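Worksheet for the structure shown next.
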Amino acid sequence: MPELPDAERAIGYTFTDKALLRTCFTHASVAGQESNERLEFLGDAVLELYVTEKLYRDCAAREGELTELRKQYVSREALEEAERRLGLLRFLHYAGGADALRGKTASNLYEAVTGAIYLDGGYAAAEAFLARTLAGKSAENYKSALQELVQQREHTTPSYETAETENGFICEVHALGQSARGSGNSKKLAEQAAAKLLFGKLTEQ
């Protein structure tokens, strides 16, 4: 596998055990070789521990709210986004054509890499990799997070008031007796910014 050094550069981590690196980039469709499925299983647990500890330390939300936040951090979409930024799929060995890459291949690969780093360098190495590559809550998720939070506490939904200004858009969102104002270059971005601020207010209570 001559591209191993390129894969390490993409990951940002140099493996002591190159066999682990080779395994994490071997798809289950490849016959006669150990696949990355077991590493994916391990990586999933490491990822959940990292996110759980991060949320516990950084967010003063209640247990149910923390659980919802964790779901967003470790969702298939979030892991696929992390994989795309690193460009890991180009190093994956697979058989059977492009059909083998359907489904959760990208997110599974990110988990497998996490598991391989954990085995090779310990939790500190895996934590550093995740801190560098796993995006925090993206702005586009705050509206849904806010709605879930409000519906948990009270069977209502947030209300948004958005107006266009000379410099873009400004939005004010109201929920649970609180409000917040955000701005952005588009209506969507302004709503996202306002939702983020109000979500922060409500989870700090």
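By convention here, the chains of the structure tokens are called A, B, ... in the order presented, each chain's residues are numbered starting at 1, and ligands are numbered starting at 1 in the order presented.
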Please identify which residues in stretch 21-136 of chain A DSSP calls helix (DSSP H, G or I) from the backbone, and express them as a PyMOL selection string. chain A and resi 21-24+37-58+63-73+76-86+89-91+98-101+105-121+123-133
Okay, now the selection with C-alpha atoms, as a PDB file, in the first residue's frame?
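Saved to part.pdb:
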ATOM      1  CA  LEU A  21      -3.263   1.891   9.417  1.00  0.00           C
ATOM      2  CA  ARG A  22      -3.549  -0.650   6.606  1.00  0.00           C
ATOM      3  CA  THR A  23      -6.450  -2.384   8.347  1.00  0.00           C
ATOM      4  CA  CYS A  24      -8.421   0.791   8.946  1.00  0.00           C
ATOM      5  CA  GLU A  37     -15.171  -3.268  10.919  1.00  0.00           C
ATOM      6  CA  ARG A  38     -13.699  -4.081  14.338  1.00  0.00           C
ATOM      7  CA  LEU A  39     -11.779  -0.806  14.380  1.00  0.00           C
ATOM      8  CA  GLU A  40     -15.006   0.979  13.495  1.00  0.00           C
ATOM      9  CA  PHE A  41     -16.687  -0.676  16.495  1.00  0.00           C
ATOM     10  CA  LEU A  42     -13.906   0.518  18.795  1.00  0.00           C
ATOM     11  CA  GLY A  43     -13.758   3.979  17.251  1.00  0.00           C
ATOM     12  CA  ASP A  44     -17.471   4.465  17.796  1.00  0.00           C
ATOM     13  CA  ALA A  45     -16.974   3.972  21.553  1.00  0.00           C
ATOM     14  CA  VAL A  46     -13.944   6.284  21.677  1.00  0.00           C
ATOM     15  CA  LEU A  47     -15.853   8.928  19.755  1.00  0.00           C
ATOM     16  CA  GLU A  48     -18.842   8.742  22.091  1.00  0.00           C
ATOM     17  CA  LEU A  49     -16.610   9.031  25.163  1.00  0.00           C
ATOM     18  CA  TYR A  50     -14.810  12.048  23.716  1.00  0.00           C
ATOM     19  CA  VAL A  51     -18.023  13.878  22.835  1.00  0.00           C
ATOM     20  CA  THR A  52     -19.700  12.972  26.135  1.00  0.00           C
ATOM     21  CA  GLU A  53     -16.776  14.309  28.171  1.00  0.00           C
ATOM     22  CA  LYS A  54     -16.512  17.436  26.004  1.00  0.00           C
ATOM     23  CA  LEU A  55     -20.203  18.244  26.452  1.00  0.00           C
ATOM     24  CA  TYR A  56     -20.039  17.542  30.189  1.00  0.00           C
ATOM     25  CA  ARG A  57     -17.157  19.990  30.593  1.00  0.00           C
ATOM     26  CA  ASP A  58     -18.268  22.671  28.112  1.00  0.00           C
ATOM     27  CA  GLU A  63     -28.941  15.330  30.888  1.00  0.00           C
ATOM     28  CA  GLY A  64     -31.646  15.053  28.238  1.00  0.00           C
ATOM     29  CA  GLU A  65     -30.334  18.105  26.418  1.00  0.00           C
ATOM     30  CA  LEU A  66     -26.772  16.775  26.547  1.00  0.00           C
ATOM     31  CA  THR A  67     -27.989  13.527  25.013  1.00  0.00           C
ATOM     32  CA  GLU A  68     -29.592  15.413  22.135  1.00  0.00           C
ATOM     33  CA  LEU A  69     -26.450  17.449  21.585  1.00  0.00           C
ATOM     34  CA  ARG A  70     -24.326  14.301  21.556  1.00  0.00           C
ATOM     35  CA  LYS A  71     -26.544  12.791  18.876  1.00  0.00           C
ATOM     36  CA  GLN A  72     -25.762  15.727  16.628  1.00  0.00           C
ATOM     37  CA  TYR A  73     -22.013  15.575  17.236  1.00  0.00           C
ATOM     38  CA  ARG A  76     -23.735  10.133  10.390  1.00  0.00           C
ATOM     39  CA  GLU A  77     -23.847  13.560   8.739  1.00  0.00           C
ATOM     40  CA  ALA A  78     -21.292  15.032  11.178  1.00  0.00           C
ATOM     41  CA  LEU A  79     -18.882  12.124  10.668  1.00  0.00           C
ATOM     42  CA  GLU A  80     -19.291  12.246   6.896  1.00  0.00           C
ATOM     43  CA  GLU A  81     -18.489  15.949   6.989  1.00  0.00           C
ATOM     44  CA  ALA A  82     -15.332  15.222   8.990  1.00  0.00           C
ATOM     45  CA  GLU A  83     -14.305  12.521   6.517  1.00  0.00           C
ATOM     46  CA  ARG A  84     -14.883  14.836   3.537  1.00  0.00           C
ATOM     47  CA  ARG A  85     -12.655  17.529   5.016  1.00  0.00           C
ATOM     48  CA  LEU A  86      -9.851  14.992   5.424  1.00  0.00           C
ATOM     49  CA  LEU A  89     -12.156   7.748   1.126  1.00  0.00           C
ATOM     50  CA  ARG A  90      -9.556   8.062  -1.624  1.00  0.00           C
ATOM     51  CA  PHE A  91      -7.267   5.791   0.399  1.00  0.00           C
ATOM     52  CA  ALA A  98     -18.544   2.182  -6.457  1.00  0.00           C
ATOM     53  CA  ASP A  99     -21.578   0.339  -5.065  1.00  0.00           C
ATOM     54  CA  ALA A 100     -19.367  -0.816  -2.184  1.00  0.00           C
ATOM     55  CA  LEU A 101     -19.064   2.804  -1.026  1.00  0.00           C
ATOM     56  CA  THR A 105     -18.920   3.888   4.375  1.00  0.00           C
ATOM     57  CA  ALA A 106     -17.577   7.409   4.962  1.00  0.00           C
ATOM     58  CA  SER A 107     -18.729   7.705   8.582  1.00  0.00           C
ATOM     59  CA  ASN A 108     -17.604   4.141   9.303  1.00  0.00           C
ATOM     60  CA  LEU A 109     -14.158   4.941   7.917  1.00  0.00           C
ATOM     61  CA  TYR A 110     -13.826   7.974  10.193  1.00  0.00           C
ATOM     62  CA  GLU A 111     -14.717   5.775  13.179  1.00  0.00           C
ATOM     63  CA  ALA A 112     -12.203   3.124  12.059  1.00  0.00           C
ATOM     64  CA  VAL A 113      -9.431   5.712  11.838  1.00  0.00           C
ATOM     65  CA  THR A 114     -10.350   6.915  15.327  1.00  0.00           C
ATOM     66  CA  GLY A 115     -10.156   3.347  16.644  1.00  0.00           C
ATOM     67  CA  ALA A 116      -6.815   2.719  14.945  1.00  0.00           C
ATOM     68  CA  ILE A 117      -5.296   5.901  16.393  1.00  0.00           C
ATOM     69  CA  TYR A 118      -6.584   4.910  19.839  1.00  0.00           C
ATOM     70  CA  LEU A 119      -4.915   1.488  19.642  1.00  0.00           C
ATOM     71  CA  ASP A 120      -1.683   2.915  18.268  1.00  0.00           C
ATOM     72  CA  GLY A 121      -1.259   6.003  20.423  1.00  0.00           C
ATOM     73  CA  TYR A 123      -6.680   7.961  24.209  1.00  0.00           C
ATOM     74  CA  ALA A 124      -4.656  11.192  24.171  1.00  0.00           C
ATOM     75  CA  ALA A 125      -3.769  10.673  20.497  1.00  0.00           C
ATOM     76  CA  ALA A 126      -7.367   9.852  19.586  1.00  0.00           C
ATOM     77  CA  GLU A 127      -8.618  12.853  21.561  1.00  0.00           C
ATOM     78  CA  ALA A 128      -6.231  15.163  19.721  1.00  0.00           C
ATOM     79  CA  PHE A 129      -7.376  13.772  16.360  1.00  0.00           C
ATOM     80  CA  LEU A 130     -11.053  14.243  17.223  1.00  0.00           C
ATOM     81  CA  ALA A 131     -10.528  17.724  18.649  1.00  0.00           C
ATOM     82  CA  ARG A 132      -8.827  18.749  15.405  1.00  0.00           C
ATOM     83  CA  THR A 133     -11.097  17.052  12.882  1.00  0.00           C
TER      84      THR A 133
END
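When the distance limit is 7 Å and only C-alpha atoms are what count, the residues near A:Ile170, minus those fewer than 6 positions from it on the same chain, are Thr162, Ala163, Glu164, Gly182, Ser183, Gly184 and Ala190 of chain A.
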Please produce a file of those selected residues containing all heavy atoms, as a short mmCIF file (atom, residue, chain, number, x, y, z; two decimals), in the first residue's frame.
data_model
loop_
_atom_site.label_atom_id
_atom_site.label_comp_id
_atom_site.auth_asym_id
_atom_site.auth_seq_id
_atom_site.Cartn_x
_atom_site.Cartn_y
_atom_site.Cartn_z
N THR A 162 -37.74 38.11 11.22
CA THR A 162 -36.54 38.46 10.45
C THR A 162 -36.81 39.65 9.56
O THR A 162 -37.86 39.73 8.91
CB THR A 162 -36.09 37.26 9.60
OG1 THR A 162 -35.97 36.11 10.43
CG2 THR A 162 -34.74 37.53 8.94
N ALA A 163 -35.86 40.58 9.52
CA ALA A 163 -36.00 41.77 8.69
C ALA A 163 -34.71 42.01 7.93
O ALA A 163 -33.61 41.72 8.42
CB ALA A 163 -36.34 42.98 9.55
N GLU A 164 -34.84 42.55 6.72
CA GLU A 164 -33.68 42.87 5.90
C GLU A 164 -33.16 44.26 6.26
O GLU A 164 -33.93 45.18 6.50
CB GLU A 164 -34.03 42.81 4.42
CG GLU A 164 -32.83 42.89 3.50
CD GLU A 164 -33.15 42.60 2.05
OE1 GLU A 164 -34.35 42.41 1.74
OE2 GLU A 164 -32.21 42.55 1.25
N GLY A 182 -29.88 37.80 16.28
CA GLY A 182 -28.70 37.46 15.50
C GLY A 182 -28.75 38.10 14.14
O GLY A 182 -29.82 38.53 13.68
N SER A 183 -27.62 38.19 13.48
CA SER A 183 -27.56 38.79 12.15
C SER A 183 -26.75 37.92 11.21
O SER A 183 -25.98 37.06 11.64
CB SER A 183 -26.95 40.19 12.23
OG SER A 183 -25.63 40.13 12.75
N GLY A 184 -26.94 38.13 9.91
CA GLY A 184 -26.21 37.36 8.91
C GLY A 184 -26.42 37.92 7.53
O GLY A 184 -27.25 38.81 7.32
N ALA A 190 -29.05 34.54 9.58
CA ALA A 190 -29.51 35.36 10.70
C ALA A 190 -30.32 34.52 11.68
O ALA A 190 -30.17 34.65 12.90
CB ALA A 190 -30.32 36.54 10.18
#
Taking into account only C-alpha atoms, which residue in the set A:Phe15, A:Lys143, A:Leu176, A:Glu34 is nearest to A:Thr156?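 For A:Thr156, the nearest of the candidates is A:Leu176.
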